[in-house]
$ cat protein-v5.cif   # mmCIF, C-alpha atoms and all ligand atoms
data_final
loop_
_atom_site.group_PDB
_atom_site.id
_atom_site.type_symbol
_atom_site.label_atom_id
_atom_site.label_comp_id
_atom_site.auth_asym_id
_atom_site.auth_seq_id
_atom_site.Cartn_x
_atom_site.Cartn_y
_atom_site.Cartn_z
ATOM 1 C CA MET C 547 0.000 0.000 0.000
ATOM 2 C CA ALA C 548 2.693 2.442 1.046
ATOM 3 C CA GLN C 549 4.445 2.356 -2.295
ATOM 4 C CA LYS C 550 1.544 2.868 -4.670
ATOM 5 C CA TYR C 551 2.852 6.192 -5.945
ATOM 6 C CA SER C 552 6.283 7.750 -6.123
ATOM 7 C CA PHE C 553 7.788 10.994 -7.413
ATOM 8 C CA LEU C 554 9.941 11.021 -10.517
ATOM 9 C CA ASN C 555 11.431 14.201 -11.962
ATOM 10 C CA GLY C 556 8.553 16.527 -11.253
ATOM 11 C CA GLU C 557 5.667 14.102 -11.491
ATOM 12 C CA ILE C 558 3.821 11.671 -9.286
ATOM 13 C CA VAL C 559 3.742 8.320 -11.058
ATOM 14 C CA PRO C 560 2.644 4.774 -10.181
ATOM 15 C CA HIS C 561 5.479 3.236 -8.146
ATOM 16 C CA GLU C 562 5.950 0.334 -10.578
ATOM 17 C CA LYS C 563 6.537 2.821 -13.413
ATOM 18 C CA ALA C 564 9.106 4.952 -11.565
ATOM 19 C CA PHE C 565 12.222 4.191 -13.657
ATOM 20 C CA VAL C 566 15.438 6.162 -14.112
ATOM 21 C CA HIS C 567 17.713 5.974 -17.165
ATOM 22 C CA ILE C 568 20.620 3.485 -17.154
ATOM 23 C CA GLU C 569 22.996 6.411 -17.787
ATOM 24 C CA ASP C 570 21.921 8.229 -14.647
ATOM 25 C CA ARG C 571 25.137 9.137 -12.813
ATOM 26 C CA GLY C 572 23.601 7.937 -9.568
ATOM 27 C CA TYR C 573 23.448 4.471 -11.058
ATOM 28 C CA GLN C 574 26.945 4.441 -12.567
ATOM 29 C CA PHE C 575 28.949 6.609 -10.134
ATOM 30 C CA SER C 576 26.726 6.875 -7.023
ATOM 31 C CA ASP C 577 26.879 10.563 -7.884
ATOM 32 C CA GLY C 578 24.057 11.872 -5.746
ATOM 33 C CA VAL C 579 22.703 12.658 -2.326
ATOM 34 C CA TYR C 580 19.630 11.767 -0.310
ATOM 35 C CA GLU C 581 17.524 12.472 2.740
ATOM 36 C CA VAL C 582 15.164 10.347 4.804
ATOM 37 C CA ILE C 583 12.531 12.354 6.652
ATOM 38 C CA LEU C 584 10.272 10.952 9.349
ATOM 39 C CA ILE C 585 6.527 11.453 8.993
ATOM 40 C CA VAL C 586 4.363 11.350 12.124
ATOM 41 C CA ASN C 587 0.632 11.882 11.839
ATOM 42 C CA LYS C 588 1.239 13.086 8.263
ATOM 43 C CA LYS C 589 3.659 15.759 9.567
ATOM 44 C CA LEU C 590 7.268 16.052 8.384
ATOM 45 C CA ILE C 591 9.614 16.006 11.373
ATOM 46 C CA ASP C 592 12.462 18.542 11.344
ATOM 47 C CA LEU C 593 11.880 19.424 7.720
ATOM 48 C CA GLU C 594 14.091 22.542 7.933
ATOM 49 C CA GLY C 595 17.068 20.587 9.228
ATOM 50 C CA HIS C 596 16.725 17.933 6.539
ATOM 51 C CA PHE C 597 16.314 20.467 3.777
ATOM 52 C CA ASP C 598 19.305 22.530 4.899
ATOM 53 C CA ARG C 599 21.451 19.383 5.029
ATOM 54 C CA LEU C 600 20.224 18.390 1.554
ATOM 55 C CA LEU C 601 21.345 21.766 0.201
ATOM 56 C CA ARG C 602 24.716 21.420 1.969
ATOM 57 C CA SER C 603 25.230 17.924 0.491
ATOM 58 C CA LEU C 604 24.360 19.179 -3.019
ATOM 59 C CA LYS C 605 26.750 22.096 -2.633
ATOM 60 C CA LYS C 606 29.599 19.881 -1.441
ATOM 61 C CA LEU C 607 29.243 17.761 -4.589
ATOM 62 C CA SER C 608 28.767 20.874 -6.783
ATOM 63 C CA ILE C 609 25.483 19.522 -8.092
ATOM 64 C CA ASN C 610 23.780 22.468 -9.756
ATOM 65 C CA HIS C 611 20.042 22.505 -9.248
ATOM 66 C CA ASP C 612 16.964 24.617 -9.159
ATOM 67 C CA ILE C 613 15.206 22.715 -6.371
ATOM 68 C CA LYS C 614 12.282 24.542 -4.826
ATOM 69 C CA LYS C 615 11.562 23.423 -1.296
ATOM 70 C CA ALA C 616 7.881 24.375 -1.517
ATOM 71 C CA PHE C 617 7.435 22.235 -4.639
ATOM 72 C CA LEU C 618 9.051 19.205 -3.025
ATOM 73 C CA VAL C 619 7.057 19.617 0.168
ATOM 74 C CA GLU C 620 3.819 19.943 -1.791
ATOM 75 C CA ASN C 621 4.622 16.704 -3.617
ATOM 76 C CA ILE C 622 5.569 14.909 -0.397
ATOM 77 C CA HIS C 623 2.139 15.824 0.978
ATOM 78 C CA GLN C 624 0.512 14.502 -2.178
ATOM 79 C CA LEU C 625 2.465 11.244 -1.761
ATOM 80 C CA ILE C 626 1.345 11.039 1.855
ATOM 81 C CA GLU C 627 -2.286 11.313 0.750
ATOM 82 C CA LYS C 628 -2.049 9.070 -2.311
ATOM 83 C CA ASN C 629 -0.200 6.363 -0.387
ATOM 84 C CA ALA C 630 -2.412 6.751 2.692
ATOM 85 C CA ILE C 631 0.590 7.249 4.982
ATOM 86 C CA ILE C 632 0.006 8.257 8.597
ATOM 87 C CA ASN C 633 3.404 7.350 10.074
ATOM 88 C CA GLY C 634 6.301 6.625 7.782
ATOM 89 C CA SER C 635 9.263 8.126 6.041
ATOM 90 C CA VAL C 636 10.002 9.746 2.725
ATOM 91 C CA TYR C 637 13.192 8.916 0.823
ATOM 92 C CA LEU C 638 14.343 11.821 -1.353
ATOM 93 C CA GLN C 639 17.229 11.317 -3.763
ATOM 94 C CA ILE C 640 18.890 13.810 -6.071
ATOM 95 C CA THR C 641 21.551 12.680 -8.520
ATOM 96 C CA ARG C 642 23.646 14.809 -10.865
ATOM 97 C CA GLY C 643 21.598 13.627 -13.839
ATOM 98 C CA VAL C 644 21.881 11.576 -17.013
ATOM 99 C CA TYR C 645 25.011 11.652 -19.181
ATOM 100 C CA LYS C 646 27.119 9.163 -21.164
ATOM 101 C CA ARG C 647 29.341 7.171 -18.813
ATOM 102 C CA SER C 648 32.315 9.475 -18.418
ATOM 103 C CA GLN C 649 34.399 10.560 -15.434
ATOM 104 C CA ILE C 650 34.285 14.117 -16.768
ATOM 105 C CA TYR C 651 30.810 15.618 -16.936
ATOM 106 C CA PRO C 652 29.195 18.913 -17.918
ATOM 107 C CA SER C 653 28.488 21.244 -14.994
ATOM 108 C CA ASP C 654 24.945 21.990 -16.098
ATOM 109 C CA LEU C 655 23.282 18.566 -16.152
ATOM 110 C CA SER C 656 19.672 18.485 -15.081
ATOM 111 C CA PRO C 657 19.523 16.588 -11.758
ATOM 112 C CA SER C 658 17.231 13.559 -11.370
ATOM 113 C CA VAL C 659 14.915 13.864 -8.390
ATOM 114 C CA VAL C 660 13.032 10.880 -6.988
ATOM 115 C CA MET C 661 10.984 10.373 -3.839
ATOM 116 C CA LYS C 662 9.355 7.299 -2.359
ATOM 117 C CA MET C 663 7.472 6.510 0.822
ATOM 118 C CA SER C 664 7.787 3.739 3.405
ATOM 119 C CA PRO C 665 5.567 3.036 6.380
ATOM 120 C CA VAL C 666 7.257 3.168 9.813
ATOM 121 C CA GLU C 667 5.685 1.798 12.957
ATOM 122 C CA ILE C 668 5.917 4.502 15.589
ATOM 123 C CA ASN C 669 4.986 4.256 19.233
ATOM 124 C CA ARG C 670 6.481 5.214 22.574
ATOM 125 C CA THR C 671 8.087 1.816 23.119
ATOM 126 C CA LEU C 672 11.863 1.529 23.014
ATOM 127 C CA GLY C 673 11.814 -2.190 22.312
ATOM 128 C CA GLU C 674 14.712 -4.518 22.930
ATOM 129 C CA GLY C 675 18.207 -3.106 23.184
ATOM 130 C CA LEU C 676 20.342 -3.660 20.101
ATOM 131 C CA SER C 677 23.224 -6.084 19.970
ATOM 132 C CA ILE C 678 25.859 -4.542 17.699
ATOM 133 C CA MET C 679 29.394 -5.271 16.566
ATOM 134 C CA SER C 680 32.343 -2.991 15.924
ATOM 135 C CA HIS C 681 34.276 -2.816 12.666
ATOM 136 C CA GLU C 682 36.894 -0.623 11.054
ATOM 137 C CA ASP C 683 35.303 2.338 9.272
ATOM 138 C CA ILE C 684 35.998 1.515 5.618
ATOM 139 C CA ARG C 685 33.970 4.393 4.152
ATOM 140 C CA TRP C 686 35.378 7.376 2.253
ATOM 141 C CA GLN C 687 36.639 10.685 3.712
ATOM 142 C CA TYR C 688 33.492 12.808 3.349
ATOM 143 C CA CYS C 689 30.966 11.134 5.610
ATOM 144 C CA ASP C 690 29.423 14.537 6.386
ATOM 145 C CA ILE C 691 27.839 14.411 2.918
ATOM 146 C CA LYS C 692 24.649 12.330 2.808
ATOM 147 C CA SER C 693 25.902 10.551 -0.283
ATOM 148 C CA ILE C 694 24.016 7.667 -1.905
ATOM 149 C CA SER C 695 27.314 5.770 -1.966
ATOM 150 C CA LEU C 696 26.296 3.276 0.724
ATOM 151 C CA LEU C 697 28.084 0.119 -0.384
ATOM 152 C CA ALA C 698 30.501 -0.034 2.569
ATOM 153 C CA SER C 699 27.673 0.463 5.060
ATOM 154 C CA SER C 700 25.436 -2.057 3.348
ATOM 155 C CA LEU C 701 28.199 -4.707 3.162
ATOM 156 C CA LEU C 702 29.080 -4.228 6.822
ATOM 157 C CA LYS C 703 25.490 -4.191 8.035
ATOM 158 C CA LYS C 704 24.883 -7.442 6.152
ATOM 159 C CA LYS C 705 28.061 -8.890 7.671
ATOM 160 C CA ALA C 706 26.784 -7.887 11.124
ATOM 161 C CA TYR C 707 23.403 -9.522 10.468
ATOM 162 C CA ASP C 708 25.037 -12.694 9.154
ATOM 163 C CA GLN C 709 27.013 -12.898 12.405
ATOM 164 C CA GLY C 710 23.900 -12.456 14.537
ATOM 165 C CA PHE C 711 24.267 -8.725 15.314
ATOM 166 C CA GLU C 712 21.714 -6.048 14.539
ATOM 167 C CA ASP C 713 24.026 -3.234 13.517
ATOM 168 C CA VAL C 714 27.633 -2.195 13.215
ATOM 169 C CA VAL C 715 29.496 0.692 14.779
ATOM 170 C CA TYR C 716 32.592 2.035 13.033
ATOM 171 C CA ILE C 717 36.105 2.650 14.359
ATOM 172 C CA LYS C 718 38.421 5.093 12.604
ATOM 173 C CA ASN C 719 41.916 5.906 13.913
ATOM 174 C CA SER C 720 41.031 4.247 17.251
ATOM 175 C CA PHE C 721 37.860 6.300 17.744
ATOM 176 C CA ILE C 722 34.203 5.456 17.222
ATOM 177 C CA THR C 723 32.594 7.454 14.420
ATOM 178 C CA GLU C 724 28.963 6.317 14.091
ATOM 179 C CA ALA C 725 26.758 3.329 13.294
ATOM 180 C CA SER C 726 26.017 2.144 9.750
ATOM 181 C CA PHE C 727 22.921 4.335 9.380
ATOM 182 C CA ALA C 728 22.716 6.187 12.696
ATOM 183 C CA ASN C 729 24.650 8.364 15.145
ATOM 184 C CA ILE C 730 25.907 7.061 18.475
ATOM 185 C CA PHE C 731 25.741 8.518 21.990
ATOM 186 C CA ILE C 732 27.268 7.180 25.189
ATOM 187 C CA VAL C 733 26.476 8.097 28.806
ATOM 188 C CA ASP C 734 29.247 8.064 31.425
ATOM 189 C CA GLU C 735 29.089 7.415 35.180
ATOM 190 C CA ASP C 736 28.334 11.122 35.830
ATOM 191 C CA ASN C 737 25.327 10.937 33.507
ATOM 192 C CA THR C 738 27.069 13.097 30.938
ATOM 193 C CA LEU C 739 25.917 12.561 27.395
ATOM 194 C CA ILE C 740 28.873 12.185 25.053
ATOM 195 C CA THR C 741 28.720 12.292 21.271
ATOM 196 C CA THR C 742 31.203 12.547 18.434
ATOM 197 C CA PRO C 743 31.822 16.096 17.158
ATOM 198 C CA ALA C 744 30.222 16.753 13.774
ATOM 199 C CA ASP C 745 33.248 16.725 11.487
ATOM 200 C CA GLU C 746 33.878 14.939 8.174
ATOM 201 C CA SER C 747 34.004 11.555 9.894
ATOM 202 C CA ILE C 748 30.255 11.425 10.602
ATOM 203 C CA LEU C 749 26.939 12.480 9.171
ATOM 204 C CA GLU C 750 25.553 15.273 11.338
ATOM 205 C CA GLY C 751 22.220 13.627 12.102
ATOM 206 C CA ILE C 752 19.096 15.706 12.340
ATOM 207 C CA THR C 753 17.819 13.409 15.113
ATOM 208 C CA ARG C 754 21.228 13.735 16.865
ATOM 209 C CA ASN C 755 20.932 17.513 16.806
ATOM 210 C CA ARG C 756 17.366 17.406 18.105
ATOM 211 C CA ILE C 757 18.365 15.048 20.942
ATOM 212 C CA ILE C 758 21.238 17.386 21.863
ATOM 213 C CA GLU C 759 18.830 20.309 21.931
ATOM 214 C CA LEU C 760 16.298 18.431 24.074
ATOM 215 C CA ALA C 761 19.065 17.277 26.416
ATOM 216 C CA ALA C 762 20.393 20.822 26.841
ATOM 217 C CA ALA C 763 16.909 22.185 27.459
ATOM 218 C CA ASN C 764 16.433 19.605 30.205
ATOM 219 C CA GLY C 765 19.656 20.267 32.056
ATOM 220 C CA ILE C 766 21.525 17.190 30.838
ATOM 221 C CA LYS C 767 25.292 17.675 30.524
ATOM 222 C CA ILE C 768 26.690 17.184 27.016
ATOM 223 C CA GLU C 769 30.252 16.653 25.829
ATOM 224 C CA TYR C 770 31.310 16.651 22.206
ATOM 225 C CA ARG C 771 34.376 14.509 21.878
ATOM 226 C CA LYS C 772 35.710 11.429 20.229
ATOM 227 C CA PHE C 773 35.591 8.217 22.256
ATOM 228 C CA SER C 774 37.096 4.754 21.919
ATOM 229 C CA LEU C 775 35.539 1.293 21.748
ATOM 230 C CA GLU C 776 36.785 0.725 25.327
ATOM 231 C CA GLU C 777 34.772 3.754 26.468
ATOM 232 C CA VAL C 778 31.692 2.405 24.717
ATOM 233 C CA LEU C 779 32.140 -0.957 26.423
ATOM 234 C CA SER C 780 32.499 0.648 29.848
ATOM 235 C CA ALA C 781 29.752 3.255 29.315
ATOM 236 C CA LYS C 782 26.698 3.328 31.547
ATOM 237 C CA GLU C 783 24.394 3.613 28.543
ATOM 238 C CA VAL C 784 24.726 3.568 24.766
ATOM 239 C CA PHE C 785 22.120 4.488 22.185
ATOM 240 C CA LEU C 786 21.738 5.239 18.490
ATOM 241 C CA THR C 787 19.644 7.923 16.797
ATOM 242 C CA SER C 788 18.267 8.320 13.294
ATOM 243 C CA SER C 789 15.121 9.463 11.528
ATOM 244 C CA THR C 790 13.830 5.907 11.282
ATOM 245 C CA LEU C 791 15.342 4.343 14.442
ATOM 246 C CA LEU C 792 14.409 7.422 16.527
ATOM 247 C CA VAL C 793 16.219 6.611 19.816
ATOM 248 C CA ARG C 794 17.385 2.967 20.031
ATOM 249 C CA PRO C 795 19.220 1.618 23.069
ATOM 250 C CA VAL C 796 22.272 -0.564 22.562
ATOM 251 C CA THR C 797 22.694 -3.220 25.250
ATOM 252 C CA SER C 798 25.683 -5.126 23.928
ATOM 253 C CA VAL C 799 28.680 -4.481 21.714
ATOM 254 C CA ASP C 800 30.826 -7.335 20.389
ATOM 255 C CA ASP C 801 28.844 -9.659 22.685
ATOM 256 C CA LYS C 802 29.859 -7.663 25.790
ATOM 257 C CA LEU C 803 27.028 -6.220 27.862
ATOM 258 C CA ILE C 804 26.719 -2.453 28.327
ATOM 259 C CA GLY C 805 26.233 -2.026 32.060
ATOM 260 C CA LYS C 806 23.919 -4.832 33.117
ATOM 261 C CA GLY C 807 22.552 -5.134 29.605
ATOM 262 C CA GLU C 808 19.459 -3.146 30.495
ATOM 263 C CA ILE C 809 18.010 -0.034 28.913
ATOM 264 C CA GLY C 810 19.355 3.021 30.727
ATOM 265 C CA GLN C 811 17.414 5.785 32.450
ATOM 266 C CA LEU C 812 18.854 8.651 30.435
ATOM 267 C CA THR C 813 18.116 6.793 27.195
ATOM 268 C CA GLU C 814 14.516 6.361 28.344
ATOM 269 C CA LYS C 815 14.256 9.999 29.353
ATOM 270 C CA LEU C 816 15.635 11.286 26.042
ATOM 271 C CA ALA C 817 13.443 8.903 24.056
ATOM 272 C CA SER C 818 10.432 10.156 25.986
ATOM 273 C CA LEU C 819 11.364 13.788 25.297
ATOM 274 C CA TYR C 820 11.798 12.929 21.629
ATOM 275 C CA TYR C 821 8.386 11.186 21.468
ATOM 276 C CA ASP C 822 6.845 14.302 22.993
ATOM 277 C CA PHE C 823 8.626 16.436 20.421
ATOM 278 C CA ILE C 824 7.419 14.413 17.408
ATOM 279 C CA GLY C 825 3.956 14.096 18.901
ATOM 280 C CA VAL C 826 3.551 10.383 19.325
HETATM 281 N N1 LIG I 1 20.349 7.400 7.727
HETATM 282 N N2 LIG I 1 24.669 8.564 10.149
HETATM 283 C C1 LIG I 1 24.440 7.897 9.000
HETATM 284 C C2 LIG I 1 25.597 7.267 8.315
HETATM 285 C C3 LIG I 1 23.140 7.782 8.484
HETATM 286 O O1 LIG I 1 22.927 7.114 7.333
HETATM 287 C C4 LIG I 1 22.060 8.382 9.193
HETATM 288 C C5 LIG I 1 20.640 8.319 8.705
HETATM 289 C C6 LIG I 1 22.350 9.060 10.384
HETATM 290 C C7 LIG I 1 21.270 9.753 11.192
HETATM 291 O O2 LIG I 1 20.810 10.902 10.537
HETATM 292 P P1 LIG I 1 19.334 11.446 10.760
HETATM 293 O O3 LIG I 1 19.146 11.570 12.226
HETATM 294 O O4 LIG I 1 19.339 12.762 10.085
HETATM 295 O O5 LIG I 1 18.378 10.447 10.159
HETATM 296 C C8 LIG I 1 23.665 9.138 10.827
HETATM 297 C C9 LIG I 1 19.018 7.291 7.152
HETATM 298 C C10 LIG I 1 17.919 7.170 8.155
HETATM 299 C C11 LIG I 1 19.021 6.194 6.107
HETATM 300 O O6 LIG I 1 20.006 6.101 5.394
HETATM 301 O O7 LIG I 1 18.033 5.464 5.969
#
$ encode --input "protein-v5.cif" --output "structure tokens"
Amino acid sequence: MAQKYSFLNGEIVPHEKAFVHIEDRGYQFSDGVYEVILIVNKKLIDLEGHFDRLLRSLKKLSINHDIKKAFLVENIHQLIEKNAIINGSVYLQITRGVYKRSQIYPSDLSPSVVMKMSPVEINRTLGEGLSIMSHEDIRWQYCDIKSISLLASSLLKKKAYDQGFEDVVYIKNSFITEASFANIFIVDEDNTLITTPADESILEGITRNRIIELAAANGIKIEYRKFSLEEVLSAKEVFLTSSTLLVRPVTSVDDKLIGKGEIGQLTEKLASLYYDFIGV
């Protein structure tokens, strides 16, 4: 039901007819960017943050475009109605466009813009804590760009699943960067929330930023600094954030329990504040 209609280059089309050309540079070079925006009660959560990041990603790849936010938002709302979405997410992808397969490309290609919907089950339950594994971060240097080049993350997430884990957290130069499709927070013995600074080694998550804001507004101490796997393993609490995971506790890493392997109080508190914020 959720994927009855999608958006393809300016038009809403039946999902099964939403094709892009084989010479699209997204297909041949993963030359494009994307966003995933949470929808709760038909409302787009943190639209401004997602749109600003989309523009930053496009700029960093020098993808010229004439994207009008109002037009995209109007079409997202049409997709919400046509696909009868109440809670879900919209995937928005912009690639540089279609051109013969060549490393050198004209600067004025017309970008391809596609959007599709997925349902997401949303309630105030945190569910089971995740069991994750650690792995060397084998991605490229510009992880601050929300690039569609997701092969490393997909391969490693599959590897994690095949080994009985639910996700993978990356290590680069002895420090944790983020999870395959989410940001990571740890909580120390003093109940300080610690998260990786937003540099080129991570994607600056919109959910991460919202959690930081909610934490600050509620008197929770926050530190922005890099931390090691050892610190994760000895942390009081660990959790991940993303637009589709929301706040997800992590209760074991590399088969070692975090604390007693139970969901932590600060994680619960922040999740509750986030549920209030999104209106669920
Ligand atoms: N991914 N880091 C990475 C590598 C991500 O892919 C994501 C989100 C995040 C969290 O960002 P945000 O809070 O803005 O969703 C961090 C999306 C959900 C995805 O690829 O499906």
$ residues_near_ligand --input "protein-v5.cif" --ligand "ligand LIG 1 (chain I)" --cutoff "7 Å" --atoms "all atoms listed in the file" --output "compact mmCIF listing (two decimals) with C-alpha atoms, keeping the file's coordinate frame"
# COMPACT_ATOMS: atom_id res chain seq x y z
CA GLU C 581 17.52 12.47 2.74
CA VAL C 582 15.16 10.35 4.80
CA HIS C 596 16.73 17.93 6.54
CA GLU C 724 28.96 6.32 14.09
CA ALA C 725 26.76 3.33 13.29
CA SER C 726 26.02 2.14 9.75
CA PHE C 727 22.92 4.34 9.38
CA ALA C 728 22.72 6.19 12.70
CA ASN C 729 24.65 8.36 15.14
CA ILE C 748 30.26 11.42 10.60
CA LEU C 749 26.94 12.48 9.17
CA GLU C 750 25.55 15.27 11.34
CA GLY C 751 22.22 13.63 12.10
CA ILE C 752 19.10 15.71 12.34
CA THR C 753 17.82 13.41 15.11
CA ARG C 754 21.23 13.74 16.86
CA THR C 787 19.64 7.92 16.80
CA SER C 788 18.27 8.32 13.29
CA SER C 789 15.12 9.46 11.53
CA THR C 790 13.83 5.91 11.28
$ atom_distance --input "protein-v5.cif" --atom1 "atom CA of C:Val666" --atom2 "atom CA of C:Asp592"
16.3 Å
$ resolve_selection --input "protein-v5.cif" --expression "the PyMOL selection byres (((chain C and resi 601) around 12) and not hetatm)" --output "PyMOL selection string"
chain C and resi 578-581+594-600+602-615+639-640+691-692
$ residues_near_point --input "protein-v5.cif" --point "(2.7, 9.1, -11.2)" --cutoff "12 Å" --atoms "only C-alpha atoms" --output "NGL selection string"
:C and (549-565 or 621 or 624-625 or 628-629 or 660-662)
$ resolve_selection --input "protein-v5.cif" --expression "the PyMOL selection byres (((chain C and resi 820) around 10) and not hetatm)" --output "JSON, numbers by chain"
{"C": [670, 753, 756, 757, 760, 761, 792, 793, 814, 815, 816, 817, 818, 819, 821, 822, 823, 824, 825, 826]}
$ atom_distance --input "protein-v5.cif" --atom1 "atom CA of C:Thr723" --atom2 "atom CA of C:Thr742"
6.6 Å
$ residues_around --input "protein-v5.cif" --residues "C:Pro657" --least-positions-apart "3" --cutoff "6 Å" --atoms "all atoms listed in the file" --output "count of residues only"
3
$ atom_distance --input "protein-v5.cif" --atom1 "atom CA of C:Asn719" --atom2 "atom CA of C:Leu775"
11.1 Å
$ resolve_selection --input "protein-v5.cif" --expression "the PyMOL selection byres (((chain C and resi 810) around 10) and not hetatm)" --output "number ranges by chain"
C: 675, 733, 782-785, 795-797, 804-809, 811-815
$ closest_residue --input "protein-v5.cif" --among "C:Phe721, C:Ser680, C:Ser693, C:Asn669" --to "C:Leu638" --atoms "only C-alpha atoms"
C:Ser693
$ decode --input "protein-v5.cif" --residues "stretch 739-779 of chain C" --atoms "C-alpha atoms" --output "compact mmCIF listing (two decimals), in the first residue's frame"
# COMPACT_ATOMS: atom_id res chain seq x y z
CA LEU C 739 25.92 12.56 27.39
CA ILE C 740 28.87 12.19 25.05
CA THR C 741 28.72 12.29 21.27
CA THR C 742 31.20 12.55 18.43
CA PRO C 743 31.82 16.10 17.16
CA ALA C 744 30.22 16.75 13.77
CA ASP C 745 33.25 16.72 11.49
CA GLU C 746 33.88 14.94 8.17
CA SER C 747 34.00 11.56 9.89
CA ILE C 748 30.26 11.42 10.60
CA LEU C 749 26.94 12.48 9.17
CA GLU C 750 25.55 15.27 11.34
CA GLY C 751 22.22 13.63 12.10
CA ILE C 752 19.10 15.71 12.34
CA THR C 753 17.82 13.41 15.11
CA ARG C 754 21.23 13.74 16.86
CA ASN C 755 20.93 17.51 16.81
CA ARG C 756 17.37 17.41 18.10
CA ILE C 757 18.37 15.05 20.94
CA ILE C 758 21.24 17.39 21.86
CA GLU C 759 18.83 20.31 21.93
CA LEU C 760 16.30 18.43 24.07
CA ALA C 761 19.07 17.28 26.42
CA ALA C 762 20.39 20.82 26.84
CA ALA C 763 16.91 22.19 27.46
CA ASN C 764 16.43 19.61 30.21
CA GLY C 765 19.66 20.27 32.06
CA ILE C 766 21.53 17.19 30.84
CA LYS C 767 25.29 17.68 30.52
CA ILE C 768 26.69 17.18 27.02
CA GLU C 769 30.25 16.65 25.83
CA TYR C 770 31.31 16.65 22.21
CA ARG C 771 34.38 14.51 21.88
CA LYS C 772 35.71 11.43 20.23
CA PHE C 773 35.59 8.22 22.26
CA SER C 774 37.10 4.75 21.92
CA LEU C 775 35.54 1.29 21.75
CA GLU C 776 36.78 0.73 25.33
CA GLU C 777 34.77 3.75 26.47
CA VAL C 778 31.69 2.40 24.72
CA LEU C 779 32.14 -0.96 26.42
